[in-house]
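These notes concern the structure reproduced below.
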Amino acid sequence: MNQIKRRTFMLHAVAAGATLTCSGLALAGPTKVDEADPKAASLGYRNDSSQVDKKRFPKHGAGEKCSGCMAWLGKPSDAWAECDLMVDKLVANAGWCSSFVKLKG
Ligand code: SF4
């Protein structure tokens, strides 16, 4: 009888651990991109479009920002959102990178 209780307890403990692990994974979503991240840096990404290096990126236009880019996956009002280009990262609404493509419409 004690063996059955012990086995049941162990099964519950394993199930609880698995649930906590899955919960942790679900909560661990994308994080804000670091401007120093190699990919972000190679694209000249800045969290603030007004801080873009104009000499390095002369085609950067005033008013261009991530929330107006075709790759932006958030709502226009989101402060941070995922982007098709920066996988598993969040980019700033007011951010910009050299792959900017103006959203139509
Ligand atoms: S691809 Fe567009 S949304 Fe993504 S970082 Fe560059 S400008 Fe922002």
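Each chain of the structure tokens is named A, B, ... in the order shown, its residues numbered from 1; ligands are numbered from 1 in display order.
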
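With only C-alpha atoms and all ligand atoms counted, the chains near ligand 1 contribute these residues within 8 Å: Ala40, Leu43, Tyr45, Glu64, Lys65, Cys66, Ser67, Gly68, Cys69, Met70, Ala71, Trp72, Leu73, Glu82, Cys83, Asp84, Leu85, Met86, Val91, Ala92, Asn93, Gly95, Trp96, Cys97, Ser98, Ser99, Phe100 and Val101 of chain A.
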
To one decimal in Å, tell me the separation between CA of Gly74 (chain A) and CA of Pro30 (chain A). 12.9 Å

Just list as a PyMOL selection string whatever in region 21-103 of chain A DSSP marks as helix (DSSP H, G or I). chain A and resi 21-27+38-42+49-51+66-68

So how many Å separate CA of His60 (chain A) and CA of Pro76 (chain A), to one decimal? 20.0 Å

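Looking only at region 13-96 of chain A, the set that DSSP places in strand (DSSP E) from backbone geometry is Thr31, Lys32, Trp80, Ala81, Glu82, Lys89, Leu90, Val91 and Ala92 of chain A.
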
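When CA of Gly29 (chain A) is paired with CA of Trp80 (chain A), their separation reads 12.5 Å.
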